[in-house]
file start_36.txt (compact mmCIF, C-alpha atoms and all ligand atoms)
# COMPACT_ATOMS: atom_id res chain seq x y z
CA MET H 1 0.00 0.00 0.00
CA THR H 2 1.06 3.58 -0.51
CA SER H 3 0.81 4.42 3.17
CA LYS H 4 -0.71 2.87 6.24
CA ARG H 5 -0.58 6.11 8.18
CA PHE H 6 -2.96 8.11 6.04
CA LYS H 7 -6.36 7.72 4.53
CA ASN H 8 -6.30 6.52 0.93
CA PRO H 9 -8.99 8.58 -0.81
CA ARG H 10 -9.15 6.07 -3.66
CA ALA H 11 -10.19 3.29 -1.29
CA GLU H 12 -13.08 5.53 -0.18
CA HIS H 13 -14.49 5.23 -3.70
CA GLY H 14 -13.90 1.49 -3.90
CA TYR H 15 -10.99 2.05 -6.27
CA GLN H 16 -8.77 -0.99 -6.45
CA GLY H 17 -5.83 0.37 -8.47
CA ARG H 18 -2.25 -0.04 -7.36
CA PRO H 19 -0.49 2.92 -5.67
CA CYS H 20 1.53 5.46 -7.65
CA SER H 21 4.86 6.81 -6.40
CA ILE H 22 7.26 9.48 -7.52
CA LEU H 23 10.46 7.49 -7.96
CA SER H 24 12.67 10.49 -8.69
CA VAL H 25 12.74 14.12 -9.80
CA GLY H 26 15.07 16.36 -11.80
CA SER H 27 15.14 19.91 -13.09
CA TYR H 28 16.96 22.26 -15.41
CA VAL H 29 17.15 26.04 -15.68
CA PRO H 30 19.00 27.94 -18.41
CA GLU H 31 22.38 29.45 -17.57
CA ARG H 32 21.48 33.03 -18.36
CA ILE H 33 20.31 35.08 -15.36
CA MET H 34 18.26 38.22 -15.97
CA THR H 35 18.22 40.48 -12.92
CA ASN H 36 15.73 43.17 -12.01
CA ALA H 37 18.49 45.71 -12.73
CA GLU H 38 18.58 44.48 -16.32
CA LEU H 39 14.79 44.90 -16.60
CA GLU H 40 15.17 48.50 -15.42
CA LYS H 41 16.95 49.12 -18.72
CA LEU H 42 14.13 47.54 -20.78
CA VAL H 43 11.00 49.04 -19.20
CA ASP H 44 9.99 51.74 -16.74
CA THR H 45 10.36 49.65 -13.58
CA SER H 46 12.65 49.29 -10.57
CA ASP H 47 14.20 46.52 -8.53
CA ASP H 48 12.33 47.95 -5.55
CA TRP H 49 8.90 47.76 -7.29
CA ILE H 50 9.44 44.22 -8.55
CA THR H 51 10.80 42.98 -5.22
CA THR H 52 8.07 44.58 -3.12
CA ARG H 53 5.15 43.60 -5.38
CA THR H 54 6.32 40.12 -6.38
CA GLY H 55 9.35 38.91 -4.39
CA ILE H 56 11.18 38.17 -7.67
CA LYS H 57 14.85 39.23 -7.86
CA GLU H 58 15.97 37.41 -11.01
CA ARG H 59 14.81 34.85 -13.59
CA ARG H 60 16.47 32.47 -16.07
CA ILE H 61 16.20 33.11 -19.80
CA ALA H 62 16.78 30.36 -22.37
CA ALA H 63 19.26 30.92 -25.18
CA ASP H 64 17.90 31.73 -28.65
CA ASN H 65 18.71 28.20 -29.81
CA GLU H 66 17.42 26.53 -26.62
CA PHE H 67 13.81 25.40 -26.84
CA THR H 68 11.21 24.03 -24.45
CA SER H 69 11.96 20.47 -25.59
CA ASP H 70 15.70 20.95 -24.86
CA MET H 71 15.02 22.09 -21.30
CA ALA H 72 12.43 19.33 -20.85
CA ALA H 73 14.91 16.71 -22.07
CA MET H 74 17.59 18.00 -19.68
CA ALA H 75 15.22 17.81 -16.70
CA ALA H 76 14.07 14.35 -17.85
CA ARG H 77 17.64 13.02 -18.06
CA ARG H 78 18.34 14.28 -14.53
CA ALA H 79 15.19 12.60 -13.18
CA MET H 80 16.12 9.39 -15.05
CA ASP H 81 19.67 9.47 -13.59
CA ALA H 82 18.31 10.06 -10.08
CA GLY H 83 15.91 7.11 -10.44
CA LYS H 84 18.40 4.91 -12.37
CA ILE H 85 15.88 4.62 -15.20
CA THR H 86 16.96 3.94 -18.78
CA ALA H 87 15.19 5.46 -21.76
CA ASP H 88 13.84 2.11 -22.95
CA GLN H 89 12.00 1.61 -19.63
CA ILE H 90 9.77 4.64 -20.20
CA ASP H 91 6.25 3.74 -21.34
CA LEU H 92 4.72 7.20 -21.55
CA ILE H 93 5.90 10.83 -21.66
CA ILE H 94 3.55 13.66 -20.71
CA VAL H 95 4.80 17.22 -21.16
CA ALA H 96 2.86 20.07 -19.57
CA THR H 97 3.56 23.33 -21.38
CA ILE H 98 1.98 26.46 -22.87
CA THR H 99 5.14 27.22 -24.84
CA PRO H 100 5.58 24.13 -27.04
CA ASP H 101 8.42 24.23 -29.59
CA MET H 102 5.70 24.46 -32.24
CA LEU H 103 1.91 23.97 -32.48
CA PHE H 104 2.45 20.38 -33.54
CA PRO H 105 3.84 17.79 -33.17
CA SER H 106 3.72 17.75 -29.40
CA THR H 107 6.77 18.73 -27.37
CA ALA H 108 6.47 15.30 -25.71
CA CYS H 109 7.23 13.67 -29.09
CA LEU H 110 10.30 15.88 -29.52
CA VAL H 111 11.46 14.95 -26.00
CA GLN H 112 10.87 11.26 -26.75
CA HIS H 113 13.34 11.56 -29.64
CA LYS H 114 15.86 13.66 -27.68
CA ILE H 115 16.10 11.22 -24.77
CA GLY H 116 15.81 8.12 -26.99
CA ALA H 117 12.70 6.71 -25.32
CA ARG H 118 11.65 4.86 -28.47
CA ARG H 119 9.04 2.66 -26.76
CA ALA H 120 7.20 5.55 -25.10
CA ALA H 121 3.85 7.00 -26.13
CA ALA H 122 3.93 10.79 -25.88
CA PHE H 123 1.52 13.71 -25.62
CA ASP H 124 1.26 17.23 -24.22
CA VAL H 125 -1.08 18.64 -21.59
CA GLU H 126 -2.00 22.29 -21.65
CA ALA H 127 -3.15 23.55 -18.27
CA ALA H 128 -0.81 26.56 -17.99
CA CYS H 129 0.74 26.94 -14.54
CA SER H 130 -1.37 24.02 -13.24
CA GLY H 131 0.08 21.72 -15.90
CA PHE H 132 2.52 19.74 -13.79
CA ILE H 133 -0.12 18.55 -11.32
CA TYR H 134 -2.53 17.87 -14.18
CA ALA H 135 0.23 15.71 -15.71
CA LEU H 136 0.84 14.06 -12.35
CA GLU H 137 -2.83 13.14 -11.96
CA ILE H 138 -3.07 11.89 -15.56
CA GLY H 139 0.18 9.92 -15.27
CA GLN H 140 -1.03 8.41 -12.02
CA GLN H 141 -4.09 7.00 -13.77
CA PHE H 142 -1.90 4.97 -16.12
CA ILE H 143 0.11 3.59 -13.19
CA THR H 144 -2.82 2.74 -10.90
CA SER H 145 -4.72 1.11 -13.77
CA ARG H 146 -1.62 -1.00 -14.59
CA THR H 147 -1.64 0.32 -18.16
CA TYR H 148 1.98 1.44 -17.84
CA ASP H 149 4.80 0.78 -15.35
CA THR H 150 6.98 3.86 -15.91
CA VAL H 151 5.64 7.30 -16.77
CA LEU H 152 7.79 10.41 -17.27
CA ILE H 153 6.01 13.69 -16.55
CA ILE H 154 7.58 17.05 -17.32
CA GLY H 155 6.63 20.70 -16.82
CA ALA H 156 8.65 22.88 -19.19
CA GLU H 157 8.36 26.46 -20.44
CA LYS H 158 10.15 29.02 -22.54
CA LEU H 159 7.92 31.88 -21.41
CA SER H 160 10.49 34.41 -22.60
CA SER H 161 9.26 33.54 -26.12
CA ILE H 162 5.69 34.79 -25.48
CA VAL H 163 6.40 37.69 -23.12
CA ASP H 164 6.10 41.24 -24.44
CA TRP H 165 9.41 42.73 -23.32
CA LYS H 166 7.89 46.21 -23.64
CA ASP H 167 5.03 45.49 -21.19
CA ARG H 168 6.19 46.15 -17.62
CA ASN H 169 2.95 44.66 -16.25
CA THR H 170 3.98 41.18 -17.36
CA CYS H 171 7.62 40.95 -18.47
CA VAL H 172 9.00 41.24 -14.93
CA LEU H 173 7.09 38.17 -13.74
CA PHE H 174 8.14 35.23 -15.90
CA GLY H 175 11.12 32.96 -16.51
CA ASP H 176 12.19 29.77 -18.30
CA GLY H 177 12.97 26.25 -17.03
CA ALA H 178 11.84 22.65 -16.70
CA GLY H 179 11.17 20.02 -14.04
CA ALA H 180 10.50 16.29 -14.40
CA ALA H 181 9.39 13.29 -12.36
CA ILE H 182 9.37 9.54 -12.94
CA LEU H 183 6.20 7.77 -11.81
CA GLN H 184 6.13 4.09 -10.92
CA SER H 185 4.31 1.85 -8.47
CA LEU H 186 6.57 1.10 -5.52
CA PRO H 187 4.60 -1.12 -3.12
CA ASN H 188 5.25 -0.53 0.60
CA SER H 189 6.78 2.80 -0.25
CA HIS H 190 6.07 6.48 -0.52
CA GLY H 191 3.44 7.69 -2.95
CA LEU H 192 0.88 10.09 -4.22
CA LEU H 193 -2.04 10.14 -1.78
CA THR H 194 -4.37 12.33 -3.77
CA ALA H 195 -4.54 14.89 -6.56
CA CYS H 196 -7.50 17.08 -7.45
CA MET H 197 -7.96 19.40 -10.40
CA GLY H 198 -10.39 22.16 -11.37
CA ALA H 199 -11.05 24.71 -14.10
CA ASP H 200 -13.19 27.75 -14.94
CA GLY H 201 -13.19 28.57 -18.65
CA GLU H 202 -15.48 31.55 -18.13
CA LYS H 203 -12.45 33.47 -16.87
CA SER H 204 -10.17 32.48 -19.76
CA GLU H 205 -9.45 36.09 -20.69
CA LEU H 206 -7.81 36.95 -17.39
CA LEU H 207 -4.61 35.37 -18.70
CA TYR H 208 -4.27 34.32 -22.32
CA MET H 209 -2.46 34.62 -25.63
CA PRO H 210 -4.94 35.36 -28.45
CA GLY H 211 -2.69 34.90 -31.50
CA GLY H 212 -1.31 31.82 -33.23
CA GLY H 213 -4.29 29.47 -32.87
CA SER H 214 -7.27 28.78 -35.14
CA MET H 215 -9.10 31.89 -33.89
CA CYS H 216 -6.33 34.20 -34.96
CA PRO H 217 -3.71 32.47 -37.10
CA ALA H 218 -0.32 34.10 -37.40
CA SER H 219 -0.31 36.89 -39.99
CA ALA H 220 1.55 40.15 -40.49
CA ASN H 221 -1.45 41.91 -38.88
CA SER H 222 -1.61 39.62 -35.86
CA VAL H 223 2.09 40.10 -35.21
CA ALA H 224 1.82 43.87 -35.66
CA ALA H 225 -1.05 43.91 -33.13
CA GLY H 226 1.06 41.98 -30.60
CA LEU H 227 -1.43 39.13 -30.42
CA HIS H 228 1.36 36.57 -29.93
CA PHE H 229 2.21 37.93 -26.52
CA LEU H 230 0.79 36.83 -23.19
CA ARG H 231 -1.93 39.16 -21.81
CA MET H 232 -3.01 39.38 -18.21
CA ASP H 233 -5.37 41.18 -15.86
CA GLY H 234 -2.99 41.11 -12.89
CA LYS H 235 -5.35 42.19 -10.13
CA GLU H 236 -8.17 39.75 -11.01
CA THR H 237 -5.69 36.95 -11.60
CA PHE H 238 -4.21 37.60 -8.17
CA LYS H 239 -7.60 37.35 -6.41
CA ASN H 240 -8.61 34.22 -8.27
CA ALA H 241 -5.23 32.62 -7.61
CA VAL H 242 -5.53 33.05 -3.85
CA ASN H 243 -9.09 31.67 -3.71
CA ALA H 244 -8.47 28.74 -6.04
CA MET H 245 -5.21 27.64 -4.43
CA TYR H 246 -6.71 27.83 -0.96
CA THR H 247 -9.80 25.83 -1.97
CA ALA H 248 -7.79 23.20 -3.88
CA ALA H 249 -5.38 22.74 -0.96
CA LEU H 250 -8.26 22.29 1.50
CA GLU H 251 -9.91 19.72 -0.77
CA ALA H 252 -6.69 17.69 -1.09
CA LEU H 253 -6.21 17.73 2.70
CA ARG H 254 -9.85 16.80 3.31
CA ARG H 255 -9.61 13.78 1.03
CA CYS H 256 -6.64 12.45 3.04
CA GLU H 257 -8.12 13.52 6.40
CA LEU H 258 -4.97 15.51 7.08
CA LYS H 259 -4.51 18.76 8.98
CA ILE H 260 -2.23 21.40 7.52
CA SER H 261 0.01 21.05 10.60
CA GLN H 262 0.81 17.47 9.46
CA ILE H 263 2.26 18.74 6.18
CA LYS H 264 6.05 19.10 6.30
CA CYS H 265 6.34 21.22 3.19
CA VAL H 266 3.85 23.19 1.11
CA ILE H 267 5.14 23.73 -2.44
CA PRO H 268 2.92 26.33 -4.11
CA HIS H 269 3.09 27.53 -7.70
CA GLN H 270 5.79 30.21 -7.60
CA ALA H 271 3.83 33.15 -9.06
CA ASN H 272 4.15 35.98 -6.60
CA ARG H 273 5.33 36.06 -2.97
CA ARG H 274 2.21 37.98 -1.94
CA ILE H 275 -0.03 35.26 -3.42
CA LEU H 276 1.95 32.64 -1.50
CA GLU H 277 1.65 34.64 1.73
CA ALA H 278 -2.10 35.16 1.29
CA VAL H 279 -2.71 31.45 0.61
CA GLY H 280 -0.39 30.47 3.47
CA GLU H 281 -2.18 32.79 5.88
CA ARG H 282 -5.61 31.37 5.00
CA LEU H 283 -4.33 27.80 5.33
CA GLY H 284 -2.66 28.60 8.65
CA VAL H 285 0.83 27.46 7.63
CA THR H 286 4.02 28.61 9.30
CA LYS H 287 6.61 30.46 7.19
CA ASP H 288 8.98 27.49 7.52
CA GLN H 289 6.43 25.16 5.93
CA VAL H 290 6.32 26.99 2.59
CA PHE H 291 8.99 26.37 -0.05
CA VAL H 292 9.88 29.51 -2.00
CA ASN H 293 12.34 29.88 -4.88
CA LEU H 294 10.54 32.49 -7.00
CA ASP H 295 13.14 35.08 -5.99
CA ARG H 296 15.58 33.21 -8.29
CA TYR H 297 13.32 31.96 -11.09
CA GLY H 298 10.15 34.07 -11.22
CA ASN H 299 7.04 32.36 -12.53
CA THR H 300 8.01 29.43 -14.78
CA SER H 301 4.39 28.28 -15.25
CA ALA H 302 4.15 24.47 -15.67
CA ALA H 303 7.79 24.06 -14.62
CA SER H 304 7.36 25.99 -11.38
CA VAL H 305 6.34 23.35 -8.80
CA ALA H 306 8.41 20.70 -10.59
CA ILE H 307 11.61 22.75 -10.20
CA ALA H 308 10.65 23.62 -6.62
CA LEU H 309 9.97 19.97 -5.70
CA ASP H 310 13.34 18.94 -7.13
CA GLU H 311 15.11 21.70 -5.17
CA ALA H 312 13.21 20.84 -1.98
CA VAL H 313 14.31 17.21 -2.32
CA SER H 314 17.92 17.86 -3.39
CA THR H 315 18.49 20.38 -0.58
CA GLY H 316 17.03 18.02 2.04
CA VAL H 317 14.07 20.28 2.87
CA VAL H 318 11.86 17.31 1.92
CA LYS H 319 12.97 13.87 3.12
CA ARG H 320 11.57 10.36 2.59
CA GLY H 321 8.37 9.95 4.60
CA ASP H 322 7.56 13.68 4.73
CA LEU H 323 4.12 14.80 3.66
CA VAL H 324 4.21 17.39 0.86
CA LEU H 325 1.33 19.51 -0.41
CA LEU H 326 1.64 20.82 -3.97
CA VAL H 327 -0.83 23.51 -4.97
CA VAL H 328 -1.06 25.37 -8.26
CA PHE H 329 -3.10 27.87 -10.23
CA GLY H 330 -2.96 29.14 -13.79
CA ALA H 331 -4.56 30.35 -16.98
CA GLY H 332 -7.73 28.62 -18.06
CA LEU H 333 -8.48 29.26 -15.33
CA THR H 334 -7.10 26.05 -13.90
CA TRP H 335 -6.04 24.92 -10.45
CA ALA H 336 -4.92 21.71 -8.75
CA ALA H 337 -3.47 20.29 -5.55
CA ALA H 338 -1.76 17.05 -4.62
CA VAL H 339 -0.61 15.39 -1.40
CA ILE H 340 2.49 13.22 -1.62
CA GLU H 341 4.11 11.07 1.01
CA TRP H 342 7.68 11.59 -0.14
N1 LIG H 401 7.16 48.36 -12.51
C1 LIG H 401 6.67 49.51 -12.04
N2 LIG H 401 5.36 49.78 -12.00
C2 LIG H 401 4.52 48.86 -12.47
C3 LIG H 401 4.96 47.62 -12.97
C4 LIG H 401 6.33 47.40 -12.99
N3 LIG H 401 6.88 46.26 -13.45
N4 LIG H 401 3.89 46.88 -13.34
C5 LIG H 401 2.80 47.62 -13.08
N5 LIG H 401 3.19 48.81 -12.56
C6 LIG H 401 2.35 49.91 -12.13
C7 LIG H 401 1.00 49.90 -12.78
O1 LIG H 401 1.06 50.48 -14.05
C8 LIG H 401 0.18 50.71 -11.81
O2 LIG H 401 0.42 52.06 -12.05
P1 LIG H 401 -0.77 53.13 -11.96
O3 LIG H 401 -1.25 53.07 -10.55
O4 LIG H 401 -0.09 54.41 -12.32
O5 LIG H 401 -1.79 52.67 -12.95
C9 LIG H 401 0.81 50.37 -10.45
O6 LIG H 401 2.10 49.80 -10.74
C10 LIG H 401 0.02 49.39 -9.63
O7 LIG H 401 -0.35 48.35 -10.49
P2 LIG H 401 -1.23 47.20 -9.94
O8 LIG H 401 -1.66 46.34 -11.08
O9 LIG H 401 -2.28 47.76 -9.02
O10 LIG H 401 -0.17 46.41 -9.03
P3 LIG H 401 -0.43 45.15 -8.19
O11 LIG H 401 -0.14 45.44 -6.78
O12 LIG H 401 -1.72 44.46 -8.53
O13 LIG H 401 0.74 44.20 -8.73
C11 LIG H 401 1.05 42.34 -10.18
C12 LIG H 401 0.75 43.83 -10.08
C13 LIG H 401 1.04 41.92 -11.63
C14 LIG H 401 2.43 42.08 -9.58
C15 LIG H 401 -0.02 41.55 -9.38
O14 LIG H 401 -1.30 41.98 -9.75
C16 LIG H 401 0.07 40.07 -9.58
O15 LIG H 401 1.03 39.46 -9.19
N6 LIG H 401 -0.98 39.46 -10.14
C17 LIG H 401 -0.96 38.03 -10.39
C18 LIG H 401 -0.05 37.74 -11.55
C19 LIG H 401 0.25 36.28 -11.66
O16 LIG H 401 0.72 35.68 -10.75
N7 LIG H 401 -0.01 35.73 -12.84
C20 LIG H 401 0.26 34.39 -13.12
C21 LIG H 401 -0.73 33.50 -12.46
S1 LIG H 401 -0.33 31.87 -12.75
call {"tool": "encode", "arguments": {"input": "start_36.txt", "output": "structure tokens", "more": "lines below"}}
Ligand code: COA
result
Amino acid sequence: MTSKRFKNPRAEHGYQGRPCSILSVGSYVPERIMTNAELEKLVDTSDDWITTRTGIKERRIAADNEFTSDMAAMAARRAMDAGKITADQIDLIIVATITPDMLFPSTACLVQHKIGARRAAAFDVEAACSGFIYALEIGQQFITSRTYDTVLIIGAEKLSSIVDWKDRNTCVLFGDGAGAAILQSLPNSHGLLTACMGADGEKSELLYMPGGGSMCPASANSVAAGLHFLRMDGKETFKNAVNAMYTAALEALRRCELKISQIKCVIPHQANRRILEAVGERLGVTKDQVFVNLDRYGNTSAASVAIALDEAVSTGVVKRGDLVLLVVFGAGLTWAAAVIEW
């Protein structure tokens, strides 16, 4: 069984699947660091404004010839090394991203080729900043149902490619990177206790990119109108993020009959320090319980919690047996939360 100490929400529904564990994690961020001081030269902003309003000090920016699939493949290789998994063991690759290398084929197919996982099926999931937990929940289904034994999930983004570097409202917030996890069933070991997901398409225009799809295909006019840049209503997004993350976290805890005080580490989507503080305050967490690395990476969307989980594990903040709560929010709107016994 996944855990004898905690309620298994799947058993509650008579679900007989086998447990799903995270065998290993890995991450990758590009070498290039862009500081707030550098942004001061691009737009009318200041280190003080960005730090006070967001908590972000710097972010990573991928090289011109470095794409989402390259970062995803790097993170995947690191997760494979950590779990001693070879490419031919991987049955399925799921990449969560809103910045695929191209509209099709999927970035997951490009990663499959780059890491040499010739046996693996591959597809992308698009749930914006919630993508990694969406991928986790989807991947889990294939493990618990015994369809596949080894699933590679990745959150990867090159947000620098869709950010308008002239728009101070958005360009200061985002960064590039990737995080990956290998899912397997490890009986009598740690595992994923629950994951829940939600969405509200009515609020899709709070955070979106209108150009490049079937509604507004790329044309000289669409480019001139800046339709291929990310657009956001910051204030409304902020309010919705706090509510959705709080509600999703509560639901995940309720399903496992856990109190927040039993959680060793809360790893929230790294969007804005004030969002994290507001969610943390409502949940009643202590400052020590919340993992924060947005000061160094900004918001890396689907990669955000995946990079944070890898850092929390590699720095020893999260140890085997600890309970971890992941909670995310993003465009869609989408949100999700998961409880893991690491
Ligand atoms: N530097 C300096 N000033 C800036 C600025 C920047 N980078 N960005 C915006 N401003 C200005 C605004 O133009 C506005 O000026 P005005 O009062 O003259 O109109 C002022 O700062 C206040 O803007 P406001 O939007 O009220 O700030 P805010 O406190 O809401 O913070 C965000 C803005 C974007 C940081 C905040 O709304 C936010 O984090 N929202 C959520 C974003 C997010 O996380 N998105 C991803 C979700 S997955």
call {"tool": "residues_near_ligand", "arguments": {"input": "start_36.txt", "ligand": "ligand LIG 401 (chain H)", "cutoff": "7 Å", "atoms": "all atoms listed in the file", "output": "list in words"}}
result
Asp44, Thr45, Ser46, Trp49, Ile50, Arg53, Thr54, Cys129, Arg168, Asn169, Thr170, Val172, Gly234, Lys235, Thr237, Phe238, Ala241, Ala271, Asn272, Ser301, Phe329, Gly330 and Ala331 of chain H
call {"tool": "atom_distance", "arguments": {"input": "start_36.txt", "atom1": "CA of Ile153 in chain H", "atom2": "CA of His269 in chain H"}}
result
16.7 Å
call {"tool": "residues_around", "arguments": {"input": "start_36.txt", "residues": "Val163 in chain H", "least_positions_apart": "3", "cutoff": "12 Å", "atoms": "all atoms listed in the file", "output": "ChimeraX atom specification"}}
result
/H:61,99,157-160,166-176,208-209,226-232,299-300
call {"tool": "write_last_selection", "arguments": {"input": "start_36.txt", "atoms": "C-alpha atoms", "output": "CSV table (one decimal), keeping the file's coordinate frame"}}
result
chain,number,residue,atom,x,y,z
H,61,ILE,CA,16.2,33.1,-19.8
H,99,THR,CA,5.1,27.2,-24.8
H,157,GLU,CA,8.4,26.5,-20.4
H,158,LYS,CA,10.2,29.0,-22.5
H,159,LEU,CA,7.9,31.9,-21.4
H,160,SER,CA,10.5,34.4,-22.6
H,166,LYS,CA,7.9,46.2,-23.6
H,167,ASP,CA,5.0,45.5,-21.2
H,168,ARG,CA,6.2,46.2,-17.6
H,169,ASN,CA,3.0,44.7,-16.2
H,170,THR,CA,4.0,41.2,-17.4
H,171,CYS,CA,7.6,41.0,-18.5
H,172,VAL,CA,9.0,41.2,-14.9
H,173,LEU,CA,7.1,38.2,-13.7
H,174,PHE,CA,8.1,35.2,-15.9
H,175,GLY,CA,11.1,33.0,-16.5
H,176,ASP,CA,12.2,29.8,-18.3
H,208,TYR,CA,-4.3,34.3,-22.3
H,209,MET,CA,-2.5,34.6,-25.6
H,226,GLY,CA,1.1,42.0,-30.6
H,227,LEU,CA,-1.4,39.1,-30.4
H,228,HIS,CA,1.4,36.6,-29.9
H,229,PHE,CA,2.2,37.9,-26.5
H,230,LEU,CA,0.8,36.8,-23.2
H,231,ARG,CA,-1.9,39.2,-21.8
H,232,MET,CA,-3.0,39.4,-18.2
H,299,ASN,CA,7.0,32.4,-12.5
H,300,THR,CA,8.0,29.4,-14.8
call {"tool": "closest_residue", "arguments": {"input": "start_36.txt", "among": "H:Ala62, H:Leu192, H:Ile94, H:Ala199", "to": "Ala108 in chain H", "atoms": "only C-alpha atoms"}}
result
H:Ile94
call {"tool": "atom_distance", "arguments": {"input": "start_36.txt", "atom1": "CA of Ser304 in chain H", "atom2": "CA of Lys287 in chain H"}}
result
19.1 Å
call {"tool": "residues_around", "arguments": {"input": "start_36.txt", "residues": "Leu152 in chain H", "least_positions_apart": "3", "cutoff": "6 Å", "atoms": "all atoms listed in the file", "output": "ChimeraX atom specification"}}
result
/H:93,181-182
call {"tool": "atom_distance", "arguments": {"input": "start_36.txt", "atom1": "CA of Gly131 in chain H", "atom2": "CA of Leu258 in chain H"}}
result
24.3 Å
call {"tool": "residues_around", "arguments": {"input": "start_36.txt", "residues": "range 117-125 of chain H", "least_positions_apart": "6", "cutoff": "7 Å", "atoms": "all atoms listed in the file", "output": "VMD selection string"}}
result
chain H and resid 87 to 88 90 to 97 106 to 109 131 135
call {"tool": "closest_residue", "arguments": {"input": "start_36.txt", "among": "H:Val223, H:Ala244, H:Val25, H:Ala128", "to": "Gly211 in chain H", "atoms": "all atoms listed in the file"}}
result
H:Val223
call {"tool": "residues_around", "arguments": {"input": "start_36.txt", "residues": "Ser145 in chain H", "least_positions_apart": "6", "cutoff": "12 Å", "atoms": "all atoms listed in the file", "output": "tab-separated table (two decimals) with C-alpha atoms, in the frame of the given file"}}
result
chain	number	residue	atom	x	y	z
H	15	TYR	CA	-10.99	2.05	-6.27
H	16	GLN	CA	-8.77	-0.99	-6.45
H	17	GLY	CA	-5.83	0.37	-8.47
H	18	ARG	CA	-2.25	-0.04	-7.36
H	19	PRO	CA	-0.49	2.92	-5.67
H	20	CYS	CA	1.53	5.46	-7.65
H	138	ILE	CA	-3.07	11.89	-15.56
H	139	GLY	CA	0.18	9.92	-15.27
H	184	GLN	CA	6.13	4.09	-10.92
H	185	SER	CA	4.31	1.85	-8.47
call {"tool": "closest_residue", "arguments": {"input": "start_36.txt", "among": "H:Glu126, H:Glu257, H:Glu205, H:Glu341", "to": "Glu236 in chain H", "atoms": "all atoms listed in the file"}}
result
H:Glu205
call {"tool": "residues_around", "arguments": {"input": "start_36.txt", "residues": "Arg59 in chain H", "least_positions_apart": "5", "cutoff": "6 Å", "atoms": "only C-alpha atoms", "output": "mmCIF file with C-alpha atoms, in the coordinates of the input"}}
result
data_model
loop_
_atom_site.group_PDB
_atom_site.id
_atom_site.type_symbol
_atom_site.label_atom_id
_atom_site.label_comp_id
_atom_site.auth_asym_id
_atom_site.auth_seq_id
_atom_site.Cartn_x
_atom_site.Cartn_y
_atom_site.Cartn_z
ATOM 1 C CA ILE H 33 20.310 35.080 -15.360
ATOM 2 C CA MET H 34 18.260 38.220 -15.970
ATOM 3 C CA GLY H 175 11.120 32.960 -16.510
ATOM 4 C CA ARG H 296 15.580 33.210 -8.290
ATOM 5 C CA TYR H 297 13.320 31.960 -11.090
ATOM 6 C CA GLY H 298 10.150 34.070 -11.220
#
call {"tool": "closest_residue", "arguments": {"input": "start_36.txt", "among": "H:Val324, H:Ala278, H:Ala180, H:Val285", "to": "Ile260 in chain H", "atoms": "all atoms listed in the file"}}
result
H:Val285
call {"tool": "closest_residue", "arguments": {"input": "start_36.txt", "among": "H:Thr247, H:Ser314, H:Thr52, H:Thr147", "to": "Met197 in chain H", "atoms": "all atoms listed in the file"}}
result
H:Thr247
call {"tool": "closest_residue", "arguments": {"input": "start_36.txt", "among": "H:Leu323, H:Val29, H:Leu183, H:Ala127", "to": "Glu311 in chain H", "atoms": "only C-alpha atoms"}}
result
H:Val29
call {"tool": "build_atoms", "arguments": {"input": "start_36.txt", "residues": "range 86-93 of chain H", "atoms": "N, CA, C and O atoms", "output": "short mmCIF file (atom, residue, chain, number, x, y, z; two decimals), in the coordinates of the input"}}
result
data_model
loop_
_atom_site.label_atom_id
_atom_site.label_comp_id
_atom_site.auth_asym_id
_atom_site.auth_seq_id
_atom_site.Cartn_x
_atom_site.Cartn_y
_atom_site.Cartn_z
N THR H 86 16.44 3.79 -17.42
CA THR H 86 16.96 3.94 -18.78
C THR H 86 15.82 4.34 -19.71
O THR H 86 14.64 4.11 -19.40
N ALA H 87 16.20 4.93 -20.84
CA ALA H 87 15.19 5.46 -21.76
C ALA H 87 14.21 4.38 -22.24
O ALA H 87 13.02 4.65 -22.41
N ASP H 88 14.73 3.16 -22.41
CA ASP H 88 13.84 2.11 -22.95
C ASP H 88 12.85 1.59 -21.91
O ASP H 88 11.94 0.82 -22.24
N GLN H 89 12.99 2.01 -20.65
CA GLN H 89 12.00 1.61 -19.63
C GLN H 89 10.75 2.49 -19.65
O GLN H 89 9.73 2.14 -19.07
N ILE H 90 10.87 3.66 -20.28
CA ILE H 90 9.77 4.64 -20.20
C ILE H 90 8.63 4.25 -21.15
O ILE H 90 8.83 4.06 -22.34
N ASP H 91 7.42 4.14 -20.56
CA ASP H 91 6.25 3.74 -21.34
C ASP H 91 5.48 4.94 -21.90
O ASP H 91 4.82 4.83 -22.92
N LEU H 92 5.54 6.04 -21.17
CA LEU H 92 4.72 7.20 -21.55
C LEU H 92 5.42 8.49 -21.13
O LEU H 92 5.99 8.56 -20.03
N ILE H 93 5.36 9.50 -21.98
CA ILE H 93 5.90 10.83 -21.66
C ILE H 93 4.76 11.85 -21.76
O ILE H 93 4.09 11.92 -22.80
#
